[in-house]
Structure formats: structure tokens, C-alpha cells
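Data file: model_5.cif. Format and content: mmCIF, C-alpha atoms.
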data_run
#
loop_
_atom_site.label_atom_id
_atom_site.label_comp_id
_atom_site.auth_asym_id
_atom_site.auth_seq_id
_atom_site.Cartn_x
_atom_site.Cartn_y
_atom_site.Cartn_z
CA MET Y 1 -67.72 96.51 -180.41
CA PRO Y 2 -69.12 98.73 -177.62
CA ASN Y 3 -66.79 101.59 -176.78
CA TYR Y 4 -66.45 101.40 -173.00
CA SER Y 5 -64.05 103.54 -171.01
CA ASP Y 6 -61.23 101.91 -169.02
CA LYS Y 7 -63.13 102.65 -165.81
CA GLU Y 8 -66.23 100.87 -167.09
CA LEU Y 9 -64.18 97.89 -168.28
CA LEU Y 10 -62.51 97.63 -164.89
CA SER Y 11 -65.82 97.74 -163.05
CA PHE Y 12 -67.23 95.05 -165.38
CA PHE Y 13 -64.13 92.94 -164.79
CA ARG Y 14 -64.61 93.14 -161.03
CA ASN Y 15 -68.12 91.80 -161.46
CA ASN Y 16 -67.76 87.99 -161.67
CA GLU Y 17 -70.68 87.60 -164.08
CA LYS Y 18 -69.20 90.07 -166.59
CA ARG Y 19 -65.55 89.21 -165.99
CA ASN Y 20 -64.85 87.26 -169.20
CA TYR Y 21 -66.90 89.64 -171.32
CA ALA Y 22 -65.03 92.64 -169.91
CA PHE Y 23 -61.66 91.01 -170.47
CA ASN Y 24 -62.59 90.15 -174.03
CA LEU Y 25 -63.46 93.81 -174.65
CA LEU Y 26 -60.22 94.91 -173.04
CA VAL Y 27 -58.20 92.58 -175.29
CA ARG Y 28 -60.03 93.91 -178.35
CA LYS Y 29 -59.42 97.49 -177.27
CA TYR Y 30 -55.67 97.23 -176.67
CA GLN Y 31 -54.43 94.23 -178.66
CA GLU Y 32 -53.30 96.15 -181.72
CA ARG Y 33 -51.41 98.90 -179.93
CA LEU Y 34 -49.68 96.40 -177.65
CA TYR Y 35 -48.95 94.06 -180.55
CA TRP Y 36 -47.15 96.73 -182.60
CA HIS Y 37 -45.24 97.86 -179.54
CA ILE Y 38 -44.08 94.28 -178.84
CA ARG Y 39 -43.46 93.53 -182.50
CA ARG Y 40 -40.99 96.42 -182.79
CA ILE Y 41 -39.07 95.00 -179.85
CA VAL Y 42 -39.01 91.29 -180.78
CA ILE Y 43 -39.35 91.84 -184.59
CA ASN Y 44 -40.64 88.38 -185.53
CA HIS Y 45 -44.42 87.85 -185.75
CA GLU Y 46 -44.46 84.43 -184.03
CA ASP Y 47 -42.45 85.79 -181.12
CA ALA Y 48 -44.65 88.88 -180.91
CA ASN Y 49 -47.72 86.64 -180.85
CA ASP Y 50 -46.31 84.55 -177.97
CA VAL Y 51 -45.29 87.64 -176.01
CA LEU Y 52 -48.67 89.31 -176.58
CA GLN Y 53 -50.52 86.21 -175.32
CA ASN Y 54 -48.31 86.04 -172.23
CA THR Y 55 -48.85 89.75 -171.69
CA PHE Y 56 -52.64 89.40 -171.68
CA ILE Y 57 -52.48 86.37 -169.38
CA LYS Y 58 -50.42 88.45 -166.94
CA ILE Y 59 -52.89 91.29 -167.31
CA PHE Y 60 -55.79 88.91 -166.56
CA LYS Y 61 -54.05 87.62 -163.43
CA GLY Y 62 -53.08 91.07 -162.19
CA LEU Y 63 -56.08 93.17 -163.16
CA ASP Y 64 -57.82 92.62 -159.81
CA LYS Y 65 -54.83 94.16 -158.06
CA PHE Y 66 -54.62 97.15 -160.41
CA ARG Y 67 -55.22 100.11 -158.10
CA GLU Y 68 -55.85 102.78 -160.72
CA ASP Y 69 -52.99 104.93 -159.38
CA SER Y 70 -51.81 105.09 -162.99
CA LYS Y 71 -53.72 104.92 -166.26
CA LEU Y 72 -54.71 101.43 -167.36
CA PHE Y 73 -53.00 102.08 -170.68
CA THR Y 74 -49.68 102.86 -168.93
CA TRP Y 75 -49.94 99.72 -166.81
CA LEU Y 76 -50.67 97.53 -169.86
CA TYR Y 77 -47.74 99.02 -171.77
CA ARG Y 78 -45.42 98.43 -168.84
CA ILE Y 79 -46.38 94.74 -168.70
CA ALA Y 80 -45.99 94.37 -172.47
CA THR Y 81 -42.57 96.05 -172.44
CA ASN Y 82 -41.33 93.88 -169.57
CA GLU Y 83 -42.60 90.72 -171.23
CA ALA Y 84 -40.89 91.59 -174.51
CA ILE Y 85 -37.57 92.40 -172.84
CA THR Y 86 -37.77 89.25 -170.70
CA PHE Y 87 -38.40 87.28 -173.87
CA LEU Y 88 -35.25 88.67 -175.53
CA ASN Y 89 -33.19 88.02 -172.38
CA LYS Y 90 -34.43 84.42 -172.28
CA LYS Y 91 -33.53 84.02 -175.93
CA ARG Y 92 -30.04 85.34 -175.22
CA LYS Y 93 -29.59 82.93 -172.31
CA LYS Y 94 -31.01 80.01 -174.28
CA TYR Y 95 -28.51 80.41 -177.09
CA LEU Y 96 -25.76 81.76 -174.79
CA LEU Y 97 -25.49 84.88 -176.94
CA PRO Y 98 -24.10 88.29 -176.07
CA ILE Y 99 -26.74 91.02 -176.46
CA ILE Y 100 -25.23 92.28 -179.74
CA ASP Y 101 -25.70 88.85 -181.35
CA VAL Y 102 -29.35 88.78 -180.32
CA GLU Y 103 -29.82 92.01 -182.23
CA SER Y 104 -28.03 90.58 -185.28
CA LYS Y 105 -30.28 87.52 -185.09
CA LEU Y 106 -33.24 89.93 -185.09
CA VAL Y 107 -31.86 91.57 -188.23
CA ASN Y 108 -31.62 88.17 -189.91
CA SER Y 109 -35.17 87.27 -188.90
CA LEU Y 110 -36.38 90.63 -190.23
CA GLU Y 111 -34.79 89.97 -193.63
CA SER Y 112 -36.50 86.60 -193.89
CA ASP Y 113 -39.79 87.66 -192.28
CA GLU Y 114 -42.74 87.03 -194.58
CA TYR Y 115 -44.71 89.58 -192.54
CA PHE Y 116 -42.33 92.46 -193.27
CA ASP Y 117 -42.85 94.19 -196.58
CA GLY Y 118 -40.68 97.30 -196.30
CA ASP Y 119 -38.40 98.40 -199.14
CA GLU Y 120 -34.63 98.59 -198.88
CA LEU Y 121 -34.69 101.97 -197.18
CA GLN Y 122 -37.23 100.80 -194.61
CA LEU Y 123 -35.13 97.70 -193.97
CA LYS Y 124 -32.11 99.96 -193.48
CA LEU Y 125 -34.02 102.04 -190.95
CA GLN Y 126 -35.05 98.93 -189.02
CA LYS Y 127 -31.47 97.66 -189.04
CA ALA Y 128 -30.33 101.05 -187.74
CA VAL Y 129 -32.89 100.87 -184.93
CA LEU Y 130 -31.74 97.34 -184.07
CA SER Y 131 -28.16 98.60 -183.78
CA LEU Y 132 -29.16 100.83 -180.84
CA PRO Y 133 -28.69 99.87 -177.18
CA LYS Y 134 -31.85 98.35 -175.68
CA LYS Y 135 -33.08 101.44 -173.79
CA GLN Y 136 -32.45 103.80 -176.70
CA ARG Y 137 -34.23 101.43 -179.05
CA LEU Y 138 -37.27 101.36 -176.78
CA VAL Y 139 -37.37 105.13 -176.46
CA PHE Y 140 -36.89 105.65 -180.19
CA ASN Y 141 -39.69 103.22 -181.09
CA MET Y 142 -42.12 104.76 -178.62
CA LYS Y 143 -41.36 108.34 -179.59
CA TYR Y 144 -40.75 108.05 -183.31
CA PHE Y 145 -43.09 105.27 -184.46
CA GLU Y 146 -45.75 105.22 -181.75
CA GLU Y 147 -45.67 109.02 -181.34
CA MET Y 148 -46.08 108.86 -177.60
CA LYS Y 149 -45.48 111.84 -175.33
CA TYR Y 150 -42.36 111.89 -173.16
CA GLU Y 151 -44.58 112.03 -170.08
CA GLU Y 152 -46.32 108.79 -171.09
CA ILE Y 153 -43.03 107.05 -171.90
CA SER Y 154 -41.66 108.28 -168.59
CA LYS Y 155 -44.45 106.54 -166.68
CA ILE Y 156 -44.11 103.31 -168.66
CA LEU Y 157 -40.32 103.04 -168.47
CA ASN Y 158 -40.08 104.69 -165.06
CA THR Y 159 -37.44 107.10 -166.35
CA SER Y 160 -37.27 110.87 -166.09
CA VAL Y 161 -38.37 112.97 -169.06
CA GLY Y 162 -34.92 114.59 -169.25
CA SER Y 163 -33.22 111.22 -169.51
CA LEU Y 164 -35.70 110.12 -172.20
CA LYS Y 165 -35.04 113.25 -174.25
CA ALA Y 166 -31.32 112.59 -174.09
CA SER Y 167 -31.82 108.93 -175.05
CA TYR Y 168 -33.98 109.89 -177.99
CA PHE Y 169 -31.50 112.52 -179.19
CA HIS Y 170 -28.62 110.02 -179.09
CA ALA Y 171 -30.76 107.40 -180.82
CA VAL Y 172 -31.67 109.77 -183.65
CA LYS Y 173 -28.04 110.77 -184.10
CA LYS Y 174 -26.90 107.14 -184.27
CA ILE Y 175 -29.63 106.19 -186.72
CA GLU Y 176 -28.77 109.15 -188.91
CA ALA Y 177 -25.11 108.13 -188.90
CA TYR Y 178 -26.01 104.52 -189.72
CA ILE Y 179 -28.21 105.51 -192.64
CA LYS Y 180 -25.67 108.01 -193.97
CA GLU Y 181 -22.89 105.43 -193.78
CA SER Y 182 -24.92 102.67 -195.41
CA CYS Y 183 -26.01 105.00 -198.24
CA ASN Y 184 -22.42 105.93 -199.11
CA MET Z 1 -36.09 118.86 -179.44
CA GLU Z 2 -34.87 120.53 -182.61
CA ASP Z 3 -36.60 119.86 -185.91
CA LEU Z 4 -35.82 116.28 -187.04
CA SER Z 5 -34.87 117.42 -190.55
CA LYS Z 6 -32.08 119.56 -189.10
CA ILE Z 7 -30.48 116.99 -186.83
CA ALA Z 8 -31.24 113.91 -188.99
CA PRO Z 9 -31.84 114.90 -192.63
CA ASN Z 10 -31.47 111.35 -193.94
CA LEU Z 11 -33.85 109.91 -191.38
CA SER Z 12 -36.45 112.59 -191.98
CA LYS Z 13 -36.49 111.70 -195.68
CA ILE Z 14 -37.63 108.15 -194.90
CA LYS Z 15 -41.39 107.83 -194.90
CA LYS Z 16 -42.72 106.96 -191.46
CA GLU Z 17 -44.81 103.85 -192.04
CA ASN Z 18 -45.51 100.48 -190.53
CA ASN Z 19 -44.03 97.79 -192.75
CA PHE Z 20 -44.79 94.96 -190.38
CA ASN Z 21 -47.81 92.81 -191.18
CA VAL Z 22 -49.83 90.12 -189.47
CA PRO Z 23 -51.56 87.00 -190.86
CA ASP Z 24 -55.14 87.47 -192.13
CA ASN Z 25 -57.78 87.81 -189.37
CA TYR Z 26 -55.08 87.75 -186.72
CA PHE Z 27 -56.68 90.44 -184.57
CA ASP Z 28 -60.17 88.93 -185.05
CA ASP Z 29 -59.03 85.56 -183.75
CA PHE Z 30 -56.63 86.73 -181.08
CA PRO Z 31 -59.16 87.45 -178.24
CA SER Z 32 -60.58 83.91 -178.38
CA ILE Z 33 -57.06 82.41 -178.39
CA VAL Z 34 -56.25 84.36 -175.23
CA GLN Z 35 -59.55 83.32 -173.57
CA GLU Z 36 -58.80 79.70 -174.42
CA ARG Z 37 -55.34 79.92 -172.89
CA ILE Z 38 -56.75 81.50 -169.75
CA SER Z 39 -59.32 78.68 -169.38
CA LYS Z 40 -56.55 76.10 -169.93
CA LYS Z 41 -54.42 77.82 -167.30
CA SER Z 42 -57.29 77.54 -164.80
CA SER Z 43 -57.68 73.80 -165.47
CA THR Z 44 -53.90 73.38 -165.33
CA PHE Z 45 -53.98 75.04 -161.93
CA ILE Z 46 -56.50 72.42 -160.74
CA SER Z 47 -54.31 69.64 -162.19
CA LYS Z 48 -51.28 71.08 -160.44
CA PHE Z 49 -53.22 71.19 -157.21
CA LEU Z 50 -54.21 67.53 -157.64
CA PHE Z 51 -50.63 66.65 -158.52
CA LEU Z 52 -49.47 68.38 -155.36
CA ILE Z 53 -51.95 66.37 -153.33
CA LEU Z 54 -50.97 63.16 -155.10
CA LYS Z 55 -47.24 63.61 -154.57
CA PRO Z 56 -45.43 60.47 -153.33
CA GLN Z 57 -45.16 61.78 -149.77
CA PHE Z 58 -48.89 62.51 -149.72
CA ILE Z 59 -49.59 59.05 -151.14
CA ALA Z 60 -47.36 57.48 -148.47
CA ALA Z 61 -49.09 59.41 -145.68
CA PHE Z 62 -52.50 58.53 -147.09
CA SER Z 63 -51.51 54.83 -147.33
CA ILE Z 64 -50.43 54.83 -143.68
CA VAL Z 65 -53.79 56.27 -142.63
CA VAL Z 66 -55.65 53.70 -144.76
CA ILE Z 67 -53.55 50.83 -143.35
CA PHE Z 68 -54.21 52.06 -139.82
CA PHE Z 69 -57.99 52.18 -140.33
CA VAL Z 70 -58.08 48.82 -142.09
CA SER Z 71 -56.01 47.21 -139.29
CA TYR Z 72 -58.18 48.83 -136.64
CA SER Z 73 -61.41 47.60 -138.22
CA ILE Z 74 -59.99 44.07 -138.71
CA PHE Z 75 -58.85 44.02 -135.06
CA ASN Z 76 -62.29 45.18 -133.89
CA SER Z 77 -64.15 42.67 -136.02
CA HIS Z 78 -61.83 39.97 -134.64
CA LYS Z 79 -62.72 41.10 -131.11
CA GLU Z 80 -66.42 40.82 -131.92
CA THR Z 81 -65.98 37.21 -133.01
CA ASN Z 82 -64.53 36.54 -129.55
CA ILE Z 83 -67.80 37.45 -127.87
CA LEU Z 84 -69.49 34.22 -126.88
CA SER Z 85 -73.10 33.62 -127.67
CA SER Z 86 -75.50 32.69 -124.84
CA ASN Z 87 -75.59 29.12 -126.23
CA ASP Z 88 -71.81 28.84 -125.90
CA VAL Z 89 -72.00 30.07 -122.31
CA ALA Z 90 -74.77 27.63 -121.44
CA GLU Z 91 -72.91 24.76 -123.06
CA TYR Z 92 -69.76 25.66 -121.16
CA PHE Z 93 -71.58 25.78 -117.83
CA GLU Z 94 -73.31 22.49 -118.58
CA GLN Z 95 -70.03 20.77 -119.28
CA ASN Z 96 -68.29 22.31 -116.27
CA GLN Z 97 -71.20 22.31 -113.83
CA THR Z 98 -69.13 20.79 -111.03
CA ASP Z 99 -66.56 23.61 -111.13
CA TYR Z 100 -69.15 26.36 -110.51
CA ASP Z 101 -71.65 26.69 -107.74
CA GLU Z 102 -74.08 29.35 -106.57
CA ASN Z 103 -71.63 30.83 -104.06
CA LEU Z 104 -68.99 31.37 -106.70
CA LEU Z 105 -71.55 33.21 -108.82
CA ILE Z 106 -72.57 35.39 -105.87
CA ASP Z 107 -68.92 36.17 -105.14
CA VAL Z 108 -68.35 37.32 -108.68
CA ILE Z 109 -71.47 39.50 -108.66
CA VAL Z 110 -70.66 41.07 -105.30
CA ASN Z 111 -67.04 41.80 -106.24
CA ASP Z 112 -67.74 43.12 -109.73
CA PRO Z 113 -67.71 46.94 -109.51
CA ASN Z 114 -69.73 47.17 -112.73
CA ILE Z 115 -72.70 45.45 -111.19
CA ASP Z 116 -74.83 47.57 -108.92
CA ILE Z 117 -76.35 45.41 -106.27
CA SER Z 118 -77.49 48.28 -104.08
CA ASN Z 119 -80.78 48.43 -105.87
CA ASN Z 120 -82.39 45.28 -104.57
CA SER Z 121 -85.88 45.88 -105.78
CA ASP Z 122 -85.23 44.21 -109.17
CA ASN Z 123 -83.36 41.35 -107.55
CA ASP Z 124 -86.22 40.75 -105.10
CA VAL Z 125 -88.69 40.53 -107.93
CA ILE Z 126 -86.48 38.02 -109.74
CA ILE Z 127 -85.96 35.93 -106.57
CA ASP Z 128 -89.68 35.94 -105.87
CA TYR Z 129 -90.33 34.82 -109.42
CA LEU Z 130 -87.80 32.01 -109.16
CA ILE Z 131 -89.25 30.79 -105.84
CA ASP Z 132 -92.86 31.01 -107.07
CA ASN Z 133 -92.02 29.01 -110.15
CA ASP Z 134 -89.75 26.55 -108.35
CA ILE Z 135 -86.77 27.28 -110.60
CA ASP Z 136 -83.42 26.17 -109.25
CA TYR Z 137 -79.84 26.71 -110.49
CA SER Z 138 -79.69 23.63 -112.77
CA THR Z 139 -83.06 24.51 -114.36
CA LEU Z 140 -81.66 27.97 -115.09
CA VAL Z 141 -78.52 26.56 -116.68
CA ASN Z 142 -80.60 24.17 -118.77
CA ALA Z 143 -82.83 27.01 -119.89
CA LEU Z 144 -79.77 29.01 -121.01
#

As a first step, turn the structure in this file into C-alpha cells.
Amino acid sequence: MPNYSDKELLSFFRNNEKRNYAFNLLVRKYQERLYWHIRRIVINHEDANDVLQNTFIKIFKGLDKFREDSKLFTWLYRIATNEAITFLNKKRKKYLLPIIDVESKLVNSLESDEYFDGDELQLKLQKAVLSLPKKQRLVFNMKYFEEMKYEEISKILNTSVGSLKASYFHAVKKIEAYIKESCN
Amino acid sequence: MEDLSKIAPNLSKIKKENNFNVPDNYFDDFPSIVQERISKKSSTFISKFLFLILKPQFIAAFSIVVIFFVSYSIFNSHKETNILSSNDVAEYFEQNQTDYDENLLIDVIVNDPNIDISNNSDNDVIIDYLIDNDIDYSTLVNAL
């Protein structure tokens, strides 16, 4: 696959003759990163697949209006995050569940997920992450697993760096407590 | 932030790895699945547009327009059938010869605003022709 920069991909996309080709390259370039980001939010592969498809359809529709004020990567992540959260909210409304029960449903789906092969400790870690409030869970995933910088997360979640640091600290503390408790 | 091992010793002992998997060839196939959905969306948009046009109220409005044009054309064609052929006119005059005379015809021509009698040159030629050929009113009616 040719390694084009975001700027080149955007200029190809704005050319009607190269539009589909450029979008195909863009999907290939970002699909994995966005998939893993979404998957950590919605947990189940089938759900992640649906959300990822919807994310790219939204990206296709909105790419003409993307003004390049922010990095393309940040914009794509923002759409993916919103789509994943909207998906969970819809799920909650559909089954008339409080948010905590959605998370417990996610734990159940993780335990029965054929596409999760972590050992008991890894499962414990995921359960601990799922016990966090939504914002803390997002921040923890992006910082701990995806190793993103606070500045990048700040642009995606539209939250100050200070607030993100605090969220991450609280998340780590809660996860530590959860693991410690479950090990005893 | 402080070292993770200090604030979360248990967490830091867990190996950081991705234990989630995807089906085989998932990322190879994914771009074409997205492209397919985008093409379907475009065709769905066209269908939605057609559906919008073909909504009951649009159908009703369209039917009214069609009915109007059909009625109008039927009415016009009916009017055309009312136009008498020259044979019908001749036959009528022949049968009702006694009711019409030359003076009545002149009166009609003179009083009809659509007939311009100011230009006499054509009329003179016609009158001369009729006199030269000895054609009178009844001969004219017979000829018609």
C-alpha cells in the first residue's frame, strides 16, 4: 500500500476521479487503530465492527468539510469515540438499562467472547477497566493501552490536560484497588 | 505522573498486551465492505428521493395535473369535431336557401369586426371575376 501523508490523501479525496481510491487508502491507513480504540469501548467484536463501519461512513460524508484546523488523526478519533459512546447509549436505551448494567453486560460478553484470549489476570484487568465511569475508562484506555499523549487525548475528548491527568490518576487507583481486592 | 509501579504495584505487574482478536482477514476485507456500504447508501439516497417524490400527496397532485390535461385535450378535440366542413355548410345553405339572401350576407360581413373590408382591391378582383364568368349567388352555393 502506498504510504501517502494525510495531506496527500485529503487532496486526492477532493479530486472526484481519485475520491474512492483515496478513501480506500485512508480506511487502510487508520482502520486498525480506530478498530482497537472502538473495541476497547464496546468490547464485543461484532459491535466494534458495526461501529467502525458507521464511523467510516460518517468520515466519508464529512471529509469534504474537514477544514484541517486539527490533525486528521484527531478528527477521526473524535468521530470513532462519539460513535462508540452513542452505540453504548443506544444499547442502554434499547434494553432500558442503567449505565452500570451496560458495563456488566459488557463483562459478560467479554467472558463469552471467542475473540478474547486473555488469561485470568488479563480478564481481571478488563473487568476492572469496565468498572470505571465512562470518562475515566476512555482516558485510561487511551493513555494506558494506546499510549497516547495527554495533548492528543485533550484534543480528541475536548478536555483540559489537567483534568485528563486527574481522571487517569483516579482510574489507575481504582483499577489497582479492584485487582488487589479480587486477588485477596 | 508518578511511576506506575509506585502508585499501582499490582497493575504494573500485569503485562500490557492486546488480548482482543479479530476474525481471519478481517482488516483485509474491511475496506471493501465499507466501500460497498457507501455505494449502497448512495443508491438508498436516490431511492429515498424517489420515495419522497412518489409520496401520496405528490401522487395526488400529479393525478390532478394529469386529469386536468386529459380533460383539456378531450374538450379541445370535442370542439374540433364541432367545426363544420365546407360540405356541411353548403348543404345547410342549400336546404335553407330561402332564409338567406345576398343582403343578409353583406350585413354580416360589414358588421363583423374580424373582417377587414377596407381593402377593396381583393374584393374588386373577385367581383370582376364573378361578373366576367357570369356566376351568381345560387351557382356559388351549388359550387360549395

Exercise for the section: Name the residues in contact with Ile38 of chain Z at a cut-off of 10 Å, using all atoms listed in the file, excluding same-chain residues fewer than 5 positions from it; report them as number ranges by chain. Expected result: Y: 20, 53-54, 56-58, 60-61; Z: 32-33, 43-44

Practice task
Figure out the distance between atom CA of Ala8 of chain Z and atom CA of Lys124 of chain Y, please, to one decimal in Å.
Solution key: 14.7 Å

Select from chain Z every residue with an atom at most 7 Å from any atom of chain Y, then for each give the shortest pair of atoms and their distance in Å to one decimal, using only C-alpha atoms, rows by chain and rising number, as CSV.
residue,atom,partner,partner_atom,distance
Z:Ala8,CA,Y:Glu176,CA,5.4
Z:Asn10,CA,Y:Glu176,CA,6.1
Z:Leu11,CA,Y:Glu176,CA,5.7
Z:Asn19,CA,Y:Gly118,CA,4.9
Z:Phe20,CA,Y:Phe116,CA,4.5
Z:Asn21,CA,Y:Tyr115,CA,4.7
Z:Val22,CA,Y:Tyr115,CA,6.0
Z:Pro31,CA,Y:Val27,CA,6.0
Z:Val34,CA,Y:Gln53,CA,6.0
Z:Ile38,CA,Y:Ile57,CA,6.5

Box time for segment 3-16 of chain Z: axis-aligned, enclosing all its listed atoms, 4 Å extra on each side; report centre and edge lengths in Å to one decimal, as AutoDock Vina command-line options.
--center_x -36.6 --center_y 113.4 --center_z -190.8 --size_x 20.2 --size_y 20.9 --size_z 17.8

Practice task
Would you kindly return, as a list of chain:residue names, each protein, DNA or RNA residue with an atom no farther than 9 Å from any atom of segment 63-73 of chain Y, considering all atoms listed in the file and excluding same-chain residues fewer than 6 positions away?
Solution key: Y:Asp6, Y:Lys7, Y:Leu10, Y:Phe13, Y:Arg14, Y:Tyr30, Y:Lys155

Practice task
For segment 161-163 of chain Y, list every protein, DNA or RNA residue within 8 Å, evaluated using all atoms listed in the file, and leave out those in the same chain fewer than 4 positions away; present the list as an MDAnalysis selection string.
Solution key: chainID Y and resid 150:151 154 167

Practice task
Mind checking which residues fall within 9 Å of Ile59 of chain Y, counting all atoms listed in the file, ignoring those fewer than 6 positions away in the same chain, and posting them as a PyMOL selection string?
Solution key: chain Y and resi 75-76+79

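Between Glu181 of chain Y and the residues Y:Phe12, Y:Asn82, Y:Lys91, Y:Ala128, the shortest atom-to-atom distance, using only C-alpha atoms, involves Y:Ala128.
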
Problem - Point-to-point distance from atom CA of Arg78 of chain Y to atom CA of Gly62 of chain Y, Å rounded to tenths - result: 12.5 Å

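For the pair atom CA of His170 of chain Y and atom CA of Ala80 of chain Y, the separation is 24.3 Å.
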
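Proximity to Ser160 of chain Y was assessed for Y:Ile85, Y:Val102, Y:Val139, Y:Leu132 counting all atoms listed in the file; the smallest distance is recorded for Y:Val139.
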